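File shown: structure_33.csv (CSV, C-alpha atoms).
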```
chain,number,residue,atom,x,y,z
A,463,MET,CA,153.0,116.4,121.0
A,464,SER,CA,149.9,114.1,121.3
A,465,SER,CA,150.2,110.8,123.0
A,466,ALA,CA,150.5,107.6,121.0
A,467,ALA,CA,147.4,106.0,119.7
A,468,GLN,CA,146.2,103.1,121.8
A,469,VAL,CA,145.2,100.0,119.9
A,470,VAL,CA,143.8,96.7,121.2
A,471,LEU,CA,143.6,93.7,118.9
A,472,ALA,CA,140.6,91.6,120.0
A,473,ALA,CA,141.0,88.0,119.0
A,474,HIS,CA,138.3,85.4,119.6
A,475,GLY,CA,140.3,82.9,121.6
A,476,SER,CA,140.7,79.2,121.5
A,477,ARG,CA,141.5,76.2,123.8
A,478,ASP,CA,144.1,75.2,121.2
A,479,PRO,CA,147.5,76.7,122.2
A,480,ARG,CA,148.4,77.4,118.5
A,481,PHE,CA,145.8,80.1,118.4
A,482,ALA,CA,147.3,82.3,121.1
A,483,ALA,CA,150.8,81.8,119.6
A,484,THR,CA,149.5,82.9,116.3
A,485,ALA,CA,147.7,85.9,117.8
A,486,ARG,CA,150.9,87.0,119.4
A,487,ARG,CA,152.6,86.9,116.0
A,488,VAL,CA,149.9,89.1,114.6
A,489,ALA,CA,150.3,91.5,117.5
A,490,ALA,CA,154.1,91.6,117.0
A,491,ALA,CA,153.7,92.3,113.3
A,492,THR,CA,151.2,95.1,114.0
A,493,ARG,CA,153.6,96.7,116.5
A,494,ARG,CA,156.2,96.7,113.8
A,495,ALA,CA,153.8,98.2,111.3
A,496,LEU,CA,152.6,100.9,113.8
A,497,PRO,CA,155.7,101.8,115.7
A,498,ASP,CA,154.0,105.0,117.1
A,499,ALA,CA,151.0,103.1,118.5
A,500,HIS,CA,150.7,101.3,121.8
A,501,VAL,CA,149.3,97.9,120.7
A,502,ASP,CA,147.8,95.4,123.2
A,503,LEU,CA,146.4,91.9,122.4
A,504,ALA,CA,143.3,90.7,124.2
A,505,TYR,CA,140.7,87.9,123.8
A,506,LEU,CA,136.9,87.8,123.8
A,507,ASP,CA,136.9,84.3,125.4
A,508,LEU,CA,139.0,81.2,126.3
A,509,ASN,CA,142.4,82.9,126.5
A,510,GLU,CA,144.0,85.6,128.7
A,511,PRO,CA,144.2,88.5,128.9
A,512,LEU,CA,140.5,89.0,128.3
A,513,LEU,CA,139.4,92.2,126.7
A,514,ASP,CA,137.7,93.4,129.9
A,515,ASP,CA,140.9,93.2,131.8
A,516,VAL,CA,143.0,94.9,129.1
A,517,LEU,CA,140.5,97.8,128.8
A,518,ALA,CA,140.4,98.2,132.6
A,519,GLU,CA,144.1,99.3,132.5
A,520,LEU,CA,143.6,101.9,129.8
A,521,ARG,CA,142.3,105.5,129.7
A,522,GLY,CA,141.4,107.9,127.0
A,523,ALA,CA,140.8,107.0,123.3
A,524,VAL,CA,141.3,103.3,122.4
A,525,THR,CA,140.8,101.7,119.0
A,526,VAL,CA,139.7,98.1,119.3
A,527,VAL,CA,140.2,95.9,116.2
A,528,PRO,CA,138.2,92.7,116.0
A,529,LEU,CA,140.3,90.0,114.5
A,530,LEU,CA,137.3,88.4,112.9
A,531,PHE,CA,136.6,87.6,109.3
A,532,GLY,CA,132.8,87.6,109.5
A,533,ASP,CA,130.7,90.5,110.9
A,534,GLY,CA,128.3,88.4,113.1
A,535,PHE,CA,127.2,88.0,116.7
A,536,HIS,CA,130.6,88.6,118.3
A,537,SER,CA,131.2,91.9,116.5
A,538,LYS,CA,127.6,93.1,116.6
A,539,VAL,CA,126.5,92.0,120.0
A,540,ASP,CA,129.3,90.7,122.3
A,541,LEU,CA,131.9,93.4,121.5
A,542,PRO,CA,129.6,96.5,121.9
A,543,ALA,CA,128.4,95.0,125.2
A,544,LEU,CA,132.0,94.6,126.4
A,545,LEU,CA,132.9,98.1,125.5
A,546,ALA,CA,129.8,99.6,127.2
A,547,ARG,CA,130.6,97.7,130.3
A,548,ALA,CA,134.2,98.9,130.2
A,549,VAL,CA,133.1,102.5,130.0
A,550,GLU,CA,130.8,102.0,132.9
A,551,GLN,CA,133.7,100.8,135.0
A,552,SER,CA,136.2,103.4,133.7
A,553,PRO,CA,134.4,106.6,132.6
A,554,ARG,CA,137.6,108.1,131.4
A,555,LEU,CA,137.9,105.3,128.8
A,556,ARG,CA,136.8,106.1,125.2
A,557,PRO,CA,136.9,102.9,123.2
A,558,ALA,CA,135.8,102.6,119.6
A,559,ALA,CA,135.6,99.3,117.7
A,560,THR,CA,136.6,99.3,114.0
A,561,PRO,CA,134.9,97.1,111.5
A,562,VAL,CA,136.0,93.5,111.5
A,563,LEU,CA,139.3,92.4,109.9
A,564,GLY,CA,137.3,90.8,107.1
A,565,ARG,CA,136.2,94.3,105.9
A,566,TYR,CA,139.3,94.2,103.7
A,567,SER,CA,139.7,91.2,101.4
A,568,PRO,CA,141.7,88.3,102.7
A,569,VAL,CA,141.9,86.8,99.2
A,570,PRO,CA,145.5,87.9,98.5
A,571,ALA,CA,146.5,86.0,101.7
A,572,LEU,CA,144.5,83.0,100.8
A,573,ILE,CA,146.1,82.9,97.3
A,574,ASP,CA,149.6,83.1,98.8
A,575,ARG,CA,149.0,80.4,101.3
A,576,LEU,CA,147.6,78.1,98.5
A,577,ALA,CA,150.7,78.9,96.4
A,578,GLU,CA,153.0,78.1,99.3
A,579,ALA,CA,151.3,74.8,99.7
A,580,GLY,CA,151.7,73.9,96.0
A,581,LEU,CA,148.4,74.8,94.3
A,582,ARG,CA,148.5,73.6,90.7
A,583,ALA,CA,146.3,73.7,87.6
A,584,GLY,CA,143.4,71.4,87.8
A,585,ASP,CA,142.9,71.8,91.6
A,586,GLY,CA,139.5,72.7,93.0
A,587,VAL,CA,139.5,74.7,96.2
A,588,LEU,CA,137.5,74.0,99.3
A,589,MET,CA,137.5,77.2,101.4
A,590,TYR,CA,136.3,76.9,105.0
A,591,ALA,CA,135.6,79.4,107.7
A,592,VAL,CA,133.7,79.7,111.0
A,593,GLY,CA,130.0,79.8,110.6
A,594,SER,CA,127.8,82.4,112.2
A,595,SER,CA,124.2,82.7,113.4
A,596,ASP,CA,124.1,86.0,111.4
A,597,PRO,CA,123.1,85.3,107.7
A,598,GLY,CA,124.8,88.4,106.5
A,599,SER,CA,128.1,87.3,108.0
A,600,ASP,CA,127.9,83.9,106.3
A,601,ALA,CA,126.9,85.6,103.0
A,602,SER,CA,130.0,87.8,103.2
A,603,ILE,CA,132.2,84.7,103.6
A,604,VAL,CA,130.6,83.0,100.6
A,605,GLU,CA,131.2,86.1,98.6
A,606,ARG,CA,134.9,85.9,99.5
A,607,GLY,CA,134.9,82.4,98.1
A,608,ARG,CA,133.5,83.7,94.9
A,609,GLU,CA,136.1,86.4,94.8
A,610,LEU,CA,138.8,83.7,95.4
A,611,SER,CA,137.4,81.7,92.5
A,612,ALA,CA,137.4,84.7,90.2
A,613,VAL,CA,140.9,85.8,90.9
A,614,LEU,CA,142.4,82.3,90.8
A,615,GLY,CA,140.3,81.1,87.9
A,616,VAL,CA,139.5,77.8,89.7
A,617,GLN,CA,136.3,76.3,91.2
A,618,VAL,CA,135.8,77.2,94.9
A,619,GLU,CA,133.3,75.6,97.3
A,620,THR,CA,132.8,77.3,100.7
A,621,VAL,CA,131.8,75.4,103.9
A,622,PHE,CA,131.5,76.4,107.5
A,623,ALA,CA,133.5,74.4,110.1
A,624,THR,CA,130.8,74.8,112.7
A,625,ARG,CA,128.1,73.3,110.4
A,626,LEU,CA,129.5,70.2,108.7
A,627,GLY,CA,126.4,67.9,109.1
A,628,THR,CA,126.7,64.2,110.0
A,629,GLU,CA,129.4,61.9,108.8
A,630,GLY,CA,131.1,64.6,106.7
A,631,ALA,CA,128.0,65.2,104.6
A,632,VAL,CA,128.8,68.9,103.9
A,633,VAL,CA,132.5,68.3,103.1
A,634,ARG,CA,131.5,65.3,100.9
A,635,ALA,CA,129.0,67.4,99.0
A,636,ALA,CA,131.5,70.2,98.4
A,637,VAL,CA,134.1,67.7,97.2
A,638,ASP,CA,131.6,66.0,94.9
A,639,ALA,CA,130.7,69.4,93.4
A,640,LEU,CA,134.3,70.2,92.7
A,641,THR,CA,135.1,66.9,91.2
A,642,ALA,CA,132.0,67.0,89.1
A,643,ARG,CA,133.2,70.3,87.6
A,644,GLY,CA,136.6,68.7,86.7
A,645,ALA,CA,138.8,69.2,89.8
A,646,GLN,CA,141.6,66.7,89.7
A,647,ARG,CA,142.7,67.3,93.3
A,648,ILE,CA,141.1,69.2,96.3
A,649,ALA,CA,143.0,72.1,97.8
A,650,ALA,CA,141.9,73.1,101.3
A,651,SER,CA,142.0,76.9,102.0
A,652,PRO,CA,141.3,77.8,105.6
A,653,LEU,CA,139.9,81.3,106.1
A,654,PHE,CA,141.2,81.2,109.7
A,655,LEU,CA,143.7,83.2,111.6
A,656,SER,CA,145.2,80.1,113.1
A,657,ALA,CA,145.1,76.3,112.9
A,658,GLY,CA,143.0,74.8,115.6
A,659,LEU,CA,140.2,72.4,116.5
A,660,LEU,CA,137.9,73.7,113.8
A,661,THR,CA,140.4,73.6,111.0
A,662,GLU,CA,141.4,70.1,112.1
A,663,ARG,CA,137.7,69.0,112.0
A,664,VAL,CA,137.4,69.9,108.4
A,665,GLU,CA,140.8,68.5,107.5
A,666,ARG,CA,140.1,65.1,109.1
A,667,GLN,CA,137.0,64.8,107.1
A,668,LEU,CA,138.8,65.8,104.0
A,669,ASP,CA,141.5,63.1,104.6
A,670,GLU,CA,138.7,60.5,104.7
A,671,ILE,CA,136.7,61.8,101.7
A,672,ALA,CA,139.5,63.0,99.4
A,673,PRO,CA,142.8,61.4,100.4
A,674,GLY,CA,145.9,63.3,99.1
A,675,SER,CA,144.2,66.7,99.2
A,676,LEU,CA,146.4,69.7,99.5
A,677,VAL,CA,146.1,71.7,102.7
A,678,ALA,CA,147.1,75.4,102.8
A,679,GLY,CA,148.2,77.1,106.0
A,680,PRO,CA,146.1,79.6,108.0
A,681,LEU,CA,146.5,83.3,107.3
A,682,ALA,CA,148.2,84.2,110.5
A,683,ASP,CA,150.5,87.3,110.1
A,684,HIS,CA,150.3,87.5,106.4
A,685,PRO,CA,151.1,91.0,105.2
A,686,ALA,CA,147.6,91.5,103.7
A,687,LEU,CA,146.1,90.9,107.1
A,688,ILE,CA,148.5,93.3,108.8
A,689,SER,CA,147.8,95.9,106.2
A,690,ALA,CA,144.0,95.4,106.8
A,691,ILE,CA,144.6,96.0,110.6
A,692,THR,CA,146.6,99.1,110.0
A,693,ARG,CA,144.1,100.5,107.6
A,694,LEU,CA,141.3,100.0,110.1
A,695,VAL,CA,143.4,101.7,112.8
A,696,GLN,CA,144.3,104.6,110.5
A,697,SER,CA,140.6,105.2,109.6
A,698,SER,CA,139.6,105.1,113.3
A,699,VAL,CA,142.4,107.4,114.5
A,700,GLU,CA,141.9,109.9,111.7
A,701,GLY,CA,138.1,109.9,112.3
A,702,ARG,CA,138.5,110.6,116.0
A,703,GLY,CA,141.4,113.0,115.7
A,704,VAL,CA,143.4,111.3,118.4
A,705,GLY,CA,146.9,109.8,118.7
A,706,ARG,CA,149.6,109.9,116.1
A,707,LEU,CA,150.7,107.5,113.4
A,708,SER,CA,153.9,108.4,111.6
A,709,ASP,CA,155.0,106.6,108.4
A,710,PHE,CA,151.9,104.5,108.5
A,711,SER,CA,150.2,105.2,105.2
A,712,GLY,CA,153.2,104.3,103.1
A,713,TRP,CA,153.7,101.0,104.8
A,714,ALA,CA,150.1,100.0,104.4
A,715,SER,CA,149.8,101.0,100.8
A,716,SER,CA,153.0,99.2,99.9
A,717,ARG,CA,151.8,95.9,101.2
A,718,MET,CA,148.4,95.8,99.4
```

Hey, can you dump this file as structure tokens for me?
Amino acid sequence: MSSAAQVVLAAHGSRDPRFAATARRVAAATRRALPDAHVDLAYLDLNEPLLDDVLAELRGAVTVVPLLFGDGFHSKVDLPALLARAVEQSPRLRPAATPVLGRYSPVPALIDRLAEAGLRAGDGVLMYAVGSSDPGSDASIVERGRELSAVLGVQVETVFATRLGTEGAVVRAAVDALTARGAQRIAASPLFLSAGLLTERVERQLDEIAPGSLVAGPLADHPALISAITRLVQSSVEGRGVGRLSDFSGWASSRM
């Protein structure tokens, strides 16, 4: 019998302790979804264990899943460099990165979080995510905002938490655009794995600009995200012909 597939979830990392706690929940949910895989959690920065250290302990084929919504610098430059360095240090290691988590739509999870928070008719949605130096990554996030708008049938404005301008200018412009199109209340929708410093930056500005706004929770271990992870792993494992994953496909398809 072949050995279990080895999977490493690569989260960005944060100085906010809530991030690591949330990442551990995502890893635990992934282990439940992939009982025949060996699943580790690692970070690209700011938290331990770092991805370098986790990969140093592994051998053979390893599937690395970037827990990122945008396909930007971290996934295109940082991660390949980390994997190349890991192979230099451990020639028996054969790591392969999957596409980012955002390859599959997070919109079902965004909708559920908004519903849980109390979204109602007449609300306009402010979706916010991490910005990137990669224009294509930002464009993909804006497209998710359009998708969210189309599915919900409400107005959606997208902003990037790393580029808010001075004195809340970006958030103010987004709120003004929503209210000008008839929004009676603003509903904040974070395209983030976890609450943290960046989400709070947006939400503090929203408190000042549009008091009484609704704030949805981060996506965390929502089933749609876990399904996205398992689909990425399945594609990688099947493509490389390594490891084994029993009872995976049914779980993933049932959660989409």

Against stretch 507-524 of chain A, which residues of stretch 536-588 of chain A fall within 6 Å? For each one I want the closest pair of atoms and the distance in Å (one decimal), counting only C-alpha atoms, rows by chain and increasing residue number, as a Markdown table.
```
| residue | atom | partner | partner_atom | distance |
| --- | --- | --- | --- | --- |
| A:Arg554 | CA | A:Arg521 | CA | 5.6 |
| A:Leu555 | CA | A:Arg521 | CA | 4.5 |
| A:Arg556 | CA | A:Ala523 | CA | 4.5 |
| A:Pro557 | CA | A:Val524 | CA | 4.5 |
```

Mind running stretch 613-689 of chain A against stretch 568-581 of chain A at 8 Å and telling me each contacting residue's nearest atom pair with the distance in Å (one decimal), counting only C-alpha atoms, chain and number ascending, as JSON lines?
```
{"residue": "A:Leu614", "atom": "CA", "partner": "A:Ile573", "partner_atom": "CA", "distance": 7.5}
{"residue": "A:Ala649", "atom": "CA", "partner": "A:Leu581", "partner_atom": "CA", "distance": 7.0}
{"residue": "A:Ser651", "atom": "CA", "partner": "A:Leu572", "partner_atom": "CA", "distance": 6.7}
{"residue": "A:Pro652", "atom": "CA", "partner": "A:Leu572", "partner_atom": "CA", "distance": 7.8}
{"residue": "A:Leu653", "atom": "CA", "partner": "A:Leu572", "partner_atom": "CA", "distance": 7.2}
{"residue": "A:Leu676", "atom": "CA", "partner": "A:Ala579", "partner_atom": "CA", "distance": 7.1}
{"residue": "A:Val677", "atom": "CA", "partner": "A:Ala579", "partner_atom": "CA", "distance": 6.8}
{"residue": "A:Ala678", "atom": "CA", "partner": "A:Leu576", "partner_atom": "CA", "distance": 5.1}
{"residue": "A:Gly679", "atom": "CA", "partner": "A:Arg575", "partner_atom": "CA", "distance": 5.8}
{"residue": "A:Pro680", "atom": "CA", "partner": "A:Arg575", "partner_atom": "CA", "distance": 7.3}
{"residue": "A:Leu681", "atom": "CA", "partner": "A:Ala571", "partner_atom": "CA", "distance": 6.2}
{"residue": "A:His684", "atom": "CA", "partner": "A:Ala571", "partner_atom": "CA", "distance": 6.2}
{"residue": "A:Pro685", "atom": "CA", "partner": "A:Ala571", "partner_atom": "CA", "distance": 7.6}
{"residue": "A:Ala686", "atom": "CA", "partner": "A:Ala571", "partner_atom": "CA", "distance": 6.0}
{"residue": "A:Leu687", "atom": "CA", "partner": "A:Pro568", "partner_atom": "CA", "distance": 6.7}
```

If you count all atoms listed in the file, which residues fall within 12 Å of A:Ala483, apart from same-chain ones fewer than 5 positions away, as a count of residues only? 17

Coordinates-based distance that separates atom CA of A:Ala645 from atom CA of A:Asp600 (Å, one decimal): 24.6 Å

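In this structure, atom CA of A:Ala690 sits 26.4 Å away from atom CA of A:Val664.
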
Can you tell me which residues surround stretch 545-547 of chain A at a distance of at most 8 Å, considering all atoms listed in the file, apart from same-chain residues fewer than 3 positions away, and format the answer as a VMD selection string? chain A and resid 541 to 542 550 to 551 557 to 558

Taking only C-alpha atoms into account, name the residue in A:Val562, A:Ala631, A:Val587, A:Ile671 that is nearest to A:Gln646.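 Result for the nearest residue to A:Gln646: A:Val587.
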
From atom CA of A:Ser537 to atom CA of A:Val633 the spacing works out at 27.2 Å

For A:Thr624, which of A:Leu660, A:Ala583, A:Leu496, A:Ile603 is the closest residue, counting only C-alpha atoms?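 Looking only at the distances to A:Thr624, the closest residue turns out to be A:Leu660.
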
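Of the listed residues A:Met589, A:Leu506, A:Val527, A:Ala548, the one whose atoms come nearest to A:Ser698 is A:Val527, with distances taken using only C-alpha atoms.
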
Counting only C-alpha atoms, which residues sit no farther than 12 Å from the position (126.1, 90.5, 107.7) in the file's frame? I'd like them as a PDB file with C-alpha atoms, in the frame of the given file.
```
ATOM      1  CA  PHE A 531     136.600  87.600 109.300  1.00  0.00           C
ATOM      2  CA  GLY A 532     132.800  87.600 109.500  1.00  0.00           C
ATOM      3  CA  ASP A 533     130.700  90.500 110.900  1.00  0.00           C
ATOM      4  CA  GLY A 534     128.300  88.400 113.100  1.00  0.00           C
ATOM      5  CA  PHE A 535     127.200  88.000 116.700  1.00  0.00           C
ATOM      6  CA  HIS A 536     130.600  88.600 118.300  1.00  0.00           C
ATOM      7  CA  SER A 537     131.200  91.900 116.500  1.00  0.00           C
ATOM      8  CA  LYS A 538     127.600  93.100 116.600  1.00  0.00           C
ATOM      9  CA  PRO A 561     134.900  97.100 111.500  1.00  0.00           C
ATOM     10  CA  VAL A 562     136.000  93.500 111.500  1.00  0.00           C
ATOM     11  CA  GLY A 564     137.300  90.800 107.100  1.00  0.00           C
ATOM     12  CA  ARG A 565     136.200  94.300 105.900  1.00  0.00           C
ATOM     13  CA  GLY A 593     130.000  79.800 110.600  1.00  0.00           C
ATOM     14  CA  SER A 594     127.800  82.400 112.200  1.00  0.00           C
ATOM     15  CA  SER A 595     124.200  82.700 113.400  1.00  0.00           C
ATOM     16  CA  ASP A 596     124.100  86.000 111.400  1.00  0.00           C
ATOM     17  CA  PRO A 597     123.100  85.300 107.700  1.00  0.00           C
ATOM     18  CA  GLY A 598     124.800  88.400 106.500  1.00  0.00           C
ATOM     19  CA  SER A 599     128.100  87.300 108.000  1.00  0.00           C
ATOM     20  CA  ASP A 600     127.900  83.900 106.300  1.00  0.00           C
ATOM     21  CA  ALA A 601     126.900  85.600 103.000  1.00  0.00           C
ATOM     22  CA  SER A 602     130.000  87.800 103.200  1.00  0.00           C
ATOM     23  CA  ILE A 603     132.200  84.700 103.600  1.00  0.00           C
ATOM     24  CA  VAL A 604     130.600  83.000 100.600  1.00  0.00           C
ATOM     25  CA  GLU A 605     131.200  86.100  98.600  1.00  0.00           C
TER      26      GLU A 605
END
```

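Non-sequential neighbours of A:Ala672 (distance at most 9 Å, separation of 6 or more positions within a chain, all atoms listed in the file) are Arg634, Val637, Arg647 and Ile648 of chain A.
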
List as a PDB file with C-alpha atoms, in the coordinates of the input the protein and nucleic acid residues near A:Gly615, meaning an atom at most 12 Å away when all atoms listed in the file are counted, but skip any in the same chain fewer than 3 places from it.
```
ATOM      1  CA  ILE A 573     146.100  82.900  97.300  1.00  0.00           C
ATOM      2  CA  ARG A 582     148.500  73.600  90.700  1.00  0.00           C
ATOM      3  CA  ALA A 583     146.300  73.700  87.600  1.00  0.00           C
ATOM      4  CA  GLY A 584     143.400  71.400  87.800  1.00  0.00           C
ATOM      5  CA  ASP A 585     142.900  71.800  91.600  1.00  0.00           C
ATOM      6  CA  GLY A 586     139.500  72.700  93.000  1.00  0.00           C
ATOM      7  CA  VAL A 587     139.500  74.700  96.200  1.00  0.00           C
ATOM      8  CA  GLY A 607     134.900  82.400  98.100  1.00  0.00           C
ATOM      9  CA  ARG A 608     133.500  83.700  94.900  1.00  0.00           C
ATOM     10  CA  GLU A 609     136.100  86.400  94.800  1.00  0.00           C
ATOM     11  CA  LEU A 610     138.800  83.700  95.400  1.00  0.00           C
ATOM     12  CA  SER A 611     137.400  81.700  92.500  1.00  0.00           C
ATOM     13  CA  ALA A 612     137.400  84.700  90.200  1.00  0.00           C
ATOM     14  CA  VAL A 618     135.800  77.200  94.900  1.00  0.00           C
TER      15      VAL A 618
END
```

So, counting all atoms listed in the file, which residue among A:Ala559, A:Arg493, A:Ser465, A:Leu588 is closest to A:Val539?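 So, comparing all the options, the nearest one is A:Ala559.
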
Can you pull out every residue within 9 Å of A:Thr560, counting all atoms listed in the file, but drop anything in the same chain fewer than 6 positions away, and send it as a ChimeraX atom specification? /A:525-528,694-695,697-698
